[in-house]
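Here's the structure, in structure tokens; my notes come after.
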Amino acid sequence: MMARVLPLHHPYRATTVRASSSNETKYNGVVPDVKLADPTRNYRVLVLGGTGRVGGSTAVALSKLCPKLKIVVAGRNREKGEAMVAKLGENSEFCQVDINDANMLQTSLKDVDLVVHAAGPFQQAPKCTVLEAAIKTKTAYIDVCDDTSYAFRAKALQAEALAANVPAITTAGIYPGVSNVMAAEMVAAARSEDKGKPEKLRFSYYTAGTGGAGPTILATSFLLLGEKVKLKPYSGMINVDFGKGIRKRDVYLLNLPEVRSTHEVLGVPTVSARFGTSPFFWNWGMEIMTKLLPPELRFVGLVLLIAKFQLFIKRIELWPSMVVAMLQEDNGTSSVASSPLQVFSTMSLTRPALLSSPSSPFKDLKPEERGLYLIHLLLTCANHVASGSLQNANAALEQLSLLSSPDGDTMQRVAAYFTEALANRILKSWPGLYKALNATQRKTNNVSEEIHVRRLFIAMFPILKVSYLLTNRAILEAMEGEKMVHVIDLDASEPAQWLALIQDFNSRPEGPPHLRITGVHHHKEVLDQMAHILTEEAEKLDIPFQFNPVVSSLESLNIDQLRVKTGEALAVSSVLQLHNFLASDEDILRKNGYSLSGDSASSLPLPNSGRISRFLNAMWSLSPKIMVVTEQDSDHNGSTLMERLLESLYTYAALFDCLEAKVPRTCQDRSKVEKMFFGEEIKNIIACEGSERRERHEKLEKWSQRIDLAGFGNVPLSYFAMLQGRRLLQGYGFDGYMIKEESGCAVICWQDRPLYSVSAWRCRK
């Protein structure tokens with residue numbers, strides 16, 4: 001594929017892009033004109049694969065780009081299709097289509113102007129059925145094909161498309177679409193600068209996670225392994241530096257379409273493409289598939305692997321969703337690293353090998369290999385614990401104890417706390433034994449240590465700093481012009497947030513309001529300390545101020561204790577508190593006969609009673625002008641142990657990696673945060689059930705539904721607030737953190753992996 005990039009002084013001129021077939025090695029710049037339909041009429045676009053990751057994102061982007069566009073979401077799953085239509089709004093509809101049924105396909109295309117084909121994978125598809133149907137029905141066509149054979153079969157239909165006056169574009173995705181354009185520009189630049197004819201072109205890709213596509217992206221990669229190429233696929237690993245954020249990553253040879261198109265069209269003698277993905281063990285799985293199975297059996301191996309690990313593919317991605325980094329180099333050297341196959345191929349998927357022998361090959365594992373094996377052991381152990389096979393669980397725990405370490409690398413540390421949590425869960429299955437072992441243990445209410453660890457967390461992570469900044473900004477904007485302001489802090493443990501708010505109010509052009517802050521906390525000494533610090537600051541700035549301490553846990557809070565007065569403008573701040581209310585909601589669903597197992601749990605109706613609903617209703621009854629909620633943006637409220645382990649392993653691996661990038665392993669304060677903050681959360685998620693399980697984190701989407709049901713409407717965080725938050729992250733000292741905007745809310749991420757969300761709400765009367 002070749003592209004001509006427009007000069008800057010011609011911003012509205014159409015770019016000429018042409019994909020050449022194999023016998024066309026020279027681009028002549030001439031493309032036949034295609035008459036467009038009447039631009040004034042209402043257009044309909046059919047998105048095939050519209051219920052999937054790529055197709056769904058395409059449909060959402062189209063609806064935002066052109067709100068008047070009629071979007072037809074097409075797919076096989078009606079339930080998913082209707083969910084997407086609900087997301088897109090009234091100018092959309094669902095159409096059930098099987099692309100392998102020619103009659104159904106042609107019927108669905110008859111009344112649309114454009115079909116977007118995103119129903120992959122395209123590998124091993126015998127025909128271009130959608131393009132053929134588009135030509136027959138005279139429907140404009142575009143696809144995101146990433147397969148060499150399919151692309152050239154599509155190009156072979158050029159004459160038919162021109163005869164039918166049908167515009168058709170193939171391979172219009174990130175690769176090989178954008179990547180070929182990039183390559184063409186590089187080659188053209190090299191030639192224009194008289195540097196001679198380029199002799200080598202290398203593509204390097206790194207995808208972090210599957211972007212919600214589940215097994216599809218992995219299916220695509222595995223299917224590429226069976227293609228015939230001069231070099232063996234998924235060999236020749238090199239380490240490539242992708243720059244800030246992504247950093248150095250391992251990539252492997254893979255037969256991507258760019259190899260053929262750039263060689264034949266651009267005339268570069270040597271072209272190679274390499275691909276790597278995260279989590280790292282999928283790279284190894286692909287390598288094993290290549291080395292252990294002949295090409296004709298790799299598809300069968302893929303099916304078996306995905307059938308066994310489909311939930312695993314969706315849920316355990318140690319890095320975030322579908323961030324694709326591309327690096328193209330016109331020359332360079334490469335070094336091939338040793339293969340992990342020898343170690344990985346000896347691992348049992350059902351019963352781990354013993355590690356106690358001094359001659360065990362697992363004693364000298366590389367960090368990446370050890371990390372993979374630790375995940376394997378955790379999943380194996382959790383499966384045995386869930387099934388009651390305690391003897392096998394004990395064997396897995398023994399191996400985990402040998403390989404994991406609270407002082408090791410990221411994966412060793414994470415595994416150490418999950419190992420402890422699984423062991424704790426086993427002990428809880430024998431209440432007598434558990435109580436006897438803990439009979440002499442005295443609960444220490446060391447408040448100062450609790451506050452100290454929380455402040456260490458704030459110091460080591462920018463997350464709560466950003467939360468406090470966004471919360472204060474939302475309060476300031478909501479309270480513009482108000483003379484009496486009352487702020488309720490549902491977890492009054494950190495005075496720094498309100499010190500900043502007092503100073504911001506003091507800088508208002510109209511002057512500061514009469515400010516009252518009500519702090520809720522279960523320790524009186526914490527509230528006393530906060531009252532002293534805030535009162536001292538207010539007196540220094542001569543701001544009228546009152547502090548109302550409420551010594552209570554949030555669960556036993558009496559709303560009357562908040563002492564909300566008539567005439568006050570009220571703001572409520574909740575930081576990492578609401579998820580504790582969710583235990584009784586689970587009980588309500590069970591009583592109403594709903595099953596909470598598997599993926600169905602995510603689509604269950606939200607209960608309209610229970611502690612969380614009563615609490616949100618109570619907040620609504622106070623009529624706050626603004627309520628700002630910060631929660632961990634994770635799904636740790638699954639009903640089964642395996643669901644929770646998979647999701648929480650995903651989350652805490654990212655959190656521990658944040659520390660690995662910033663804080664030395666030998667730092668005692670780091671160990672305190674990992675043990676007393678994250679370790680206790682992990683233990684509660686994995687070892688506890690019922691009302692004892694308080695760490696029930698949920699995703700922003702679920703919280704938005706709950707808060708909306710309670711009568712609140714979303715208040716989008718302002719551009720200025722988001723800008724301040726991003727600047728704070730940039731000034732934190734290293735790359736990796738980012739803020740994403742999601743439906744007017746902020747999602748704080750590490751390497752694109754969502755960690756915490758901040759959302760603002762007001763009463764909807």
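Labels used: A, B, ... for chains in the order of the structure tokens, numbers from 1 for residues in each chain, and numbers from 1 for ligands as shown.
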
Handout entry: strand (DSSP E) call set, DSSP backbone run, region 453-579 of chain A, as a PyMOL selection string
Key = chain A and resi 484-489+514-521+545-551+569-575

Exercise for the section: Excluding Lys87 (chain A) and any residue of its chain fewer than 3 positions from it, enumerate the residues within 12 Å of it, using only C-alpha atoms, and give them as number ranges by chain. Expected result: A: 50-51, 56-57, 59-61, 63-64, 71, 73, 80-84, 90-94, 701, 743

How would the residues just chosen look if you wrote them out with N, CA and C atoms as a compact mmCIF listing (two decimals), in the first residue's frame?
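Wrote result.txt, looks like this:
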```
# COMPACT_ATOMS: atom_id res chain seq x y z
N GLY A 50 -20.26 -5.42 15.17
CA GLY A 50 -20.51 -4.24 16.00
C GLY A 50 -20.64 -4.54 17.48
N THR A 51 -20.77 -5.82 17.83
CA THR A 51 -20.84 -6.18 19.26
C THR A 51 -19.47 -6.52 19.82
N GLY A 56 -17.44 -2.42 17.93
CA GLY A 56 -18.15 -1.60 18.90
C GLY A 56 -17.51 -0.23 19.04
N SER A 57 -16.17 -0.19 19.09
CA SER A 57 -15.46 1.09 19.18
C SER A 57 -15.71 1.92 17.93
N ALA A 59 -18.43 1.82 16.02
CA ALA A 59 -19.81 2.32 16.09
C ALA A 59 -19.91 3.52 17.03
N VAL A 60 -19.25 3.44 18.19
CA VAL A 60 -19.27 4.55 19.15
C VAL A 60 -18.61 5.79 18.55
N ALA A 61 -17.46 5.58 17.89
CA ALA A 61 -16.75 6.71 17.28
C ALA A 61 -17.59 7.37 16.18
N SER A 63 -20.86 7.40 15.96
CA SER A 63 -22.00 8.10 16.55
C SER A 63 -21.59 9.45 17.13
N LYS A 64 -20.35 9.53 17.64
CA LYS A 64 -19.86 10.81 18.17
C LYS A 64 -19.46 11.75 17.05
N ILE A 71 -26.86 4.21 12.62
CA ILE A 71 -25.90 3.12 12.77
C ILE A 71 -26.64 1.81 13.02
N VAL A 73 -26.04 -1.86 14.11
CA VAL A 73 -25.08 -2.76 14.74
C VAL A 73 -25.42 -4.19 14.33
N LYS A 80 -25.94 -8.91 23.19
CA LYS A 80 -24.84 -7.96 23.11
C LYS A 80 -25.18 -6.81 22.17
N GLY A 81 -25.88 -7.14 21.07
CA GLY A 81 -26.26 -6.11 20.12
C GLY A 81 -27.21 -5.09 20.72
N GLU A 82 -28.18 -5.55 21.47
CA GLU A 82 -29.14 -4.64 22.10
C GLU A 82 -28.45 -3.79 23.17
N ALA A 83 -27.45 -4.36 23.84
CA ALA A 83 -26.70 -3.58 24.83
C ALA A 83 -25.92 -2.45 24.14
N MET A 84 -25.35 -2.75 22.97
CA MET A 84 -24.63 -1.73 22.23
C MET A 84 -25.57 -0.65 21.71
N GLU A 90 -30.89 6.42 20.39
CA GLU A 90 -32.07 6.19 19.55
C GLU A 90 -31.76 6.13 18.06
N ASN A 91 -30.64 6.68 17.63
CA ASN A 91 -30.33 6.68 16.20
C ASN A 91 -29.55 5.43 15.78
N SER A 92 -29.86 4.32 16.42
CA SER A 92 -29.18 3.06 16.12
C SER A 92 -30.16 1.91 16.23
N GLU A 93 -29.80 0.78 15.65
CA GLU A 93 -30.62 -0.41 15.74
C GLU A 93 -29.73 -1.65 15.61
N PHE A 94 -30.28 -2.80 15.98
CA PHE A 94 -29.52 -4.05 15.89
C PHE A 94 -30.06 -4.91 14.76
N GLU A 701 -18.71 1.90 35.67
CA GLU A 701 -20.01 1.72 35.01
C GLU A 701 -21.06 1.24 36.01
N SER A 743 -17.16 9.24 30.12
CA SER A 743 -18.51 9.76 30.39
C SER A 743 -18.49 10.88 31.41
```

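With only C-alpha atoms as the atoms that count, the residue of A:Phe203, A:Tyr737, A:Phe242, A:Tyr150 with the shortest distance to Ala125 (chain A) is A:Tyr150.
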
Exercise for the section: Apply DSSP to the structure's backbone, then extract all residues of region 533-765 of chain A labelled alpha helix (DSSP H) and return them as a PyMOL selection string. Expected result: chain A and resi 533-541+583-591+611-621+641-662+668-672+680-687+700-709+719-730

Problem - Selection: 12 Å around Ser556 (chain A), only C-alpha atoms, excl. self and same-chain fewer than 2 positions, as a list of chain:residue names - result: A:Val520, A:His521, A:His522, A:Val550, A:Val551, A:Ser552, A:Ser553, A:Leu554, A:Asn558, A:Ile559, A:Asp560, A:Gln561, A:Phe581, A:Arg611, A:Phe615

Exercise for the section: May I have the residues within 9 Å of Leu622 (chain A) as a list in words, using only C-alpha atoms and disregarding those fewer than 3 positions away in the same chain? Expected result: Ile559, Val564, Leu570, Asn617, Ala618 and Met619 of chain A

Problem - For His384 (chain A): contacts at 12 Å, only C-alpha atoms, fewer than 4 positions along chain excluded, given as a PyMOL selection string - result: chain A and resi 350-352+377-380+388-397+422-423+425-426+641-642

Problem - Shell around Ala134 (chain A) at 10 Å using only C-alpha atoms, local window under 3 positions removed, as a ChimeraX atom specification - result: /A:105-106,109-110,112-115,129-131,137-142,161,164,166-168

Using N, CA, C and O atoms, can you write the selected residues to a file as a PDB file, in the first residue's frame?
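The resulting file, result38.pdb, is shown below:
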```pdb
ATOM      1  N   LEU A 105     -26.708 -11.957   4.465  1.00  0.00           N
ATOM      2  CA  LEU A 105     -25.778 -10.845   4.315  1.00  0.00           C
ATOM      3  C   LEU A 105     -26.286  -9.845   3.282  1.00  0.00           C
ATOM      4  O   LEU A 105     -26.316  -8.632   3.531  1.00  0.00           O
ATOM      5  N   GLN A 106     -26.707 -10.353   2.123  1.00  0.00           N
ATOM      6  CA  GLN A 106     -27.193  -9.457   1.073  1.00  0.00           C
ATOM      7  C   GLN A 106     -28.454  -8.726   1.496  1.00  0.00           C
ATOM      8  O   GLN A 106     -28.633  -7.541   1.210  1.00  0.00           O
ATOM      9  N   LEU A 109     -27.647  -5.779   3.645  1.00  0.00           N
ATOM     10  CA  LEU A 109     -26.936  -4.684   2.975  1.00  0.00           C
ATOM     11  C   LEU A 109     -27.824  -3.867   2.044  1.00  0.00           C
ATOM     12  O   LEU A 109     -27.395  -2.808   1.569  1.00  0.00           O
ATOM     13  N   LYS A 110     -29.030  -4.325   1.772  1.00  0.00           N
ATOM     14  CA  LYS A 110     -29.856  -3.696   0.734  1.00  0.00           C
ATOM     15  C   LYS A 110     -30.208  -2.244   1.036  1.00  0.00           C
ATOM     16  O   LYS A 110     -30.304  -1.428   0.124  1.00  0.00           O
ATOM     17  N   VAL A 112     -28.536  -0.081   3.225  1.00  0.00           N
ATOM     18  CA  VAL A 112     -27.499   0.708   3.885  1.00  0.00           C
ATOM     19  C   VAL A 112     -26.564   1.308   2.842  1.00  0.00           C
ATOM     20  O   VAL A 112     -26.453   0.812   1.720  1.00  0.00           O
ATOM     21  N   ASP A 113     -25.906   2.405   3.221  1.00  0.00           N
ATOM     22  CA  ASP A 113     -25.016   3.101   2.296  1.00  0.00           C
ATOM     23  C   ASP A 113     -23.571   2.634   2.402  1.00  0.00           C
ATOM     24  O   ASP A 113     -22.806   2.730   1.450  1.00  0.00           O
ATOM     25  N   LEU A 114     -23.192   2.162   3.584  1.00  0.00           N
ATOM     26  CA  LEU A 114     -21.812   1.733   3.815  1.00  0.00           C
ATOM     27  C   LEU A 114     -21.808   0.559   4.776  1.00  0.00           C
ATOM     28  O   LEU A 114     -22.552   0.554   5.767  1.00  0.00           O
ATOM     29  N   VAL A 115     -20.969  -0.433   4.489  1.00  0.00           N
ATOM     30  CA  VAL A 115     -20.779  -1.538   5.423  1.00  0.00           C
ATOM     31  C   VAL A 115     -19.335  -1.486   5.924  1.00  0.00           C
ATOM     32  O   VAL A 115     -18.392  -1.381   5.142  1.00  0.00           O
ATOM     33  N   THR A 129     -16.625 -12.863   1.503  1.00  0.00           N
ATOM     34  CA  THR A 129     -18.085 -12.908   1.349  1.00  0.00           C
ATOM     35  C   THR A 129     -18.740 -11.546   1.531  1.00  0.00           C
ATOM     36  O   THR A 129     -19.692 -11.207   0.816  1.00  0.00           O
ATOM     37  N   VAL A 130     -18.250 -10.764   2.469  1.00  0.00           N
ATOM     38  CA  VAL A 130     -18.868  -9.458   2.723  1.00  0.00           C
ATOM     39  C   VAL A 130     -18.612  -8.512   1.559  1.00  0.00           C
ATOM     40  O   VAL A 130     -19.525  -7.809   1.096  1.00  0.00           O
ATOM     41  N   LEU A 131     -17.381  -8.479   1.052  1.00  0.00           N
ATOM     42  CA  LEU A 131     -17.064  -7.614  -0.092  1.00  0.00           C
ATOM     43  C   LEU A 131     -17.861  -8.042  -1.319  1.00  0.00           C
ATOM     44  O   LEU A 131     -18.383  -7.198  -2.059  1.00  0.00           O
ATOM     45  N   THR A 137     -24.811  -5.727  -4.032  1.00  0.00           N
ATOM     46  CA  THR A 137     -25.876  -4.813  -3.578  1.00  0.00           C
ATOM     47  C   THR A 137     -25.509  -3.351  -3.782  1.00  0.00           C
ATOM     48  O   THR A 137     -26.250  -2.456  -3.359  1.00  0.00           O
ATOM     49  N   LYS A 138     -24.319  -3.105  -4.418  1.00  0.00           N
ATOM     50  CA  LYS A 138     -23.840  -1.743  -4.687  1.00  0.00           C
ATOM     51  C   LYS A 138     -23.738  -0.922  -3.391  1.00  0.00           C
ATOM     52  O   LYS A 138     -24.205   0.220  -3.308  1.00  0.00           O
ATOM     53  N   THR A 139     -23.109  -1.517  -2.392  1.00  0.00           N
ATOM     54  CA  THR A 139     -22.929  -0.881  -1.083  1.00  0.00           C
ATOM     55  C   THR A 139     -21.453  -0.561  -0.872  1.00  0.00           C
ATOM     56  O   THR A 139     -20.593  -1.424  -1.060  1.00  0.00           O
ATOM     57  N   ALA A 140     -21.148   0.670  -0.488  1.00  0.00           N
ATOM     58  CA  ALA A 140     -19.764   1.044  -0.204  1.00  0.00           C
ATOM     59  C   ALA A 140     -19.213   0.151   0.909  1.00  0.00           C
ATOM     60  O   ALA A 140     -19.943  -0.262   1.816  1.00  0.00           O
ATOM     61  N   TYR A 141     -17.904  -0.125   0.832  1.00  0.00           N
ATOM     62  CA  TYR A 141     -17.324  -1.153   1.710  1.00  0.00           C
ATOM     63  C   TYR A 141     -15.984  -0.688   2.284  1.00  0.00           C
ATOM     64  O   TYR A 141     -15.174  -0.048   1.602  1.00  0.00           O
ATOM     65  N   ILE A 142     -15.734  -1.023   3.554  1.00  0.00           N
ATOM     66  CA  ILE A 142     -14.430  -0.815   4.178  1.00  0.00           C
ATOM     67  C   ILE A 142     -14.224  -1.910   5.217  1.00  0.00           C
ATOM     68  O   ILE A 142     -15.181  -2.330   5.886  1.00  0.00           O
ATOM     69  N   ALA A 161     -15.608  -4.318  -8.522  1.00  0.00           N
ATOM     70  CA  ALA A 161     -16.031  -3.164  -7.734  1.00  0.00           C
ATOM     71  C   ALA A 161     -16.135  -1.914  -8.597  1.00  0.00           C
ATOM     72  O   ALA A 161     -17.098  -1.133  -8.483  1.00  0.00           O
ATOM     73  N   ALA A 164     -19.192  -2.028 -10.849  1.00  0.00           N
ATOM     74  CA  ALA A 164     -20.434  -1.780 -10.114  1.00  0.00           C
ATOM     75  C   ALA A 164     -20.471  -0.384  -9.498  1.00  0.00           C
ATOM     76  O   ALA A 164     -21.448  -0.020  -8.833  1.00  0.00           O
ATOM     77  N   VAL A 166     -18.698   0.750  -7.005  1.00  0.00           N
ATOM     78  CA  VAL A 166     -18.736   0.572  -5.551  1.00  0.00           C
ATOM     79  C   VAL A 166     -17.378   0.931  -4.944  1.00  0.00           C
ATOM     80  O   VAL A 166     -16.376   0.285  -5.245  1.00  0.00           O
ATOM     81  N   PRO A 167     -17.297   1.980  -4.107  1.00  0.00           N
ATOM     82  CA  PRO A 167     -16.039   2.279  -3.408  1.00  0.00           C
ATOM     83  C   PRO A 167     -15.736   1.158  -2.415  1.00  0.00           C
ATOM     84  O   PRO A 167     -16.622   0.734  -1.661  1.00  0.00           O
ATOM     85  N   ALA A 168     -14.506   0.657  -2.418  1.00  0.00           N
ATOM     86  CA  ALA A 168     -14.135  -0.428  -1.516  1.00  0.00           C
ATOM     87  C   ALA A 168     -12.710  -0.213  -1.021  1.00  0.00           C
ATOM     88  O   ALA A 168     -11.795  -0.014  -1.826  1.00  0.00           O
TER      89      ALA A 168
END
```

Handout entry: All residues 6 Å or closer to region 753-762 of chain A, only C-alpha atoms, same chain fewer than 4 positions away omitted, as a list in words
Key = Pro320, Lys625, Ile626, Met627, Val628, Val629, Thr630, Glu631, Gln632, Asp633, Phe712, Gly713, Asn714, Val715, Cys745, Ala746, Val747, Ile748 and Cys749 of chain A

Exercise for the section: Calculate how many Å separate CA of Leu403 (chain A) from CA of Glu420 (chain A), rounding to one decimal. Expected result: 13.1 Å

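The interatomic distance for the pair CA of Asp111 (chain A) and CA of Val72 (chain A) works out to 10.5 Å.
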
Problem - Among listed residues A:Met484, A:Leu433, A:Arg473, A:Ala74, nearest Ala500 (chain A) (using only C-alpha atoms) - result: A:Arg473
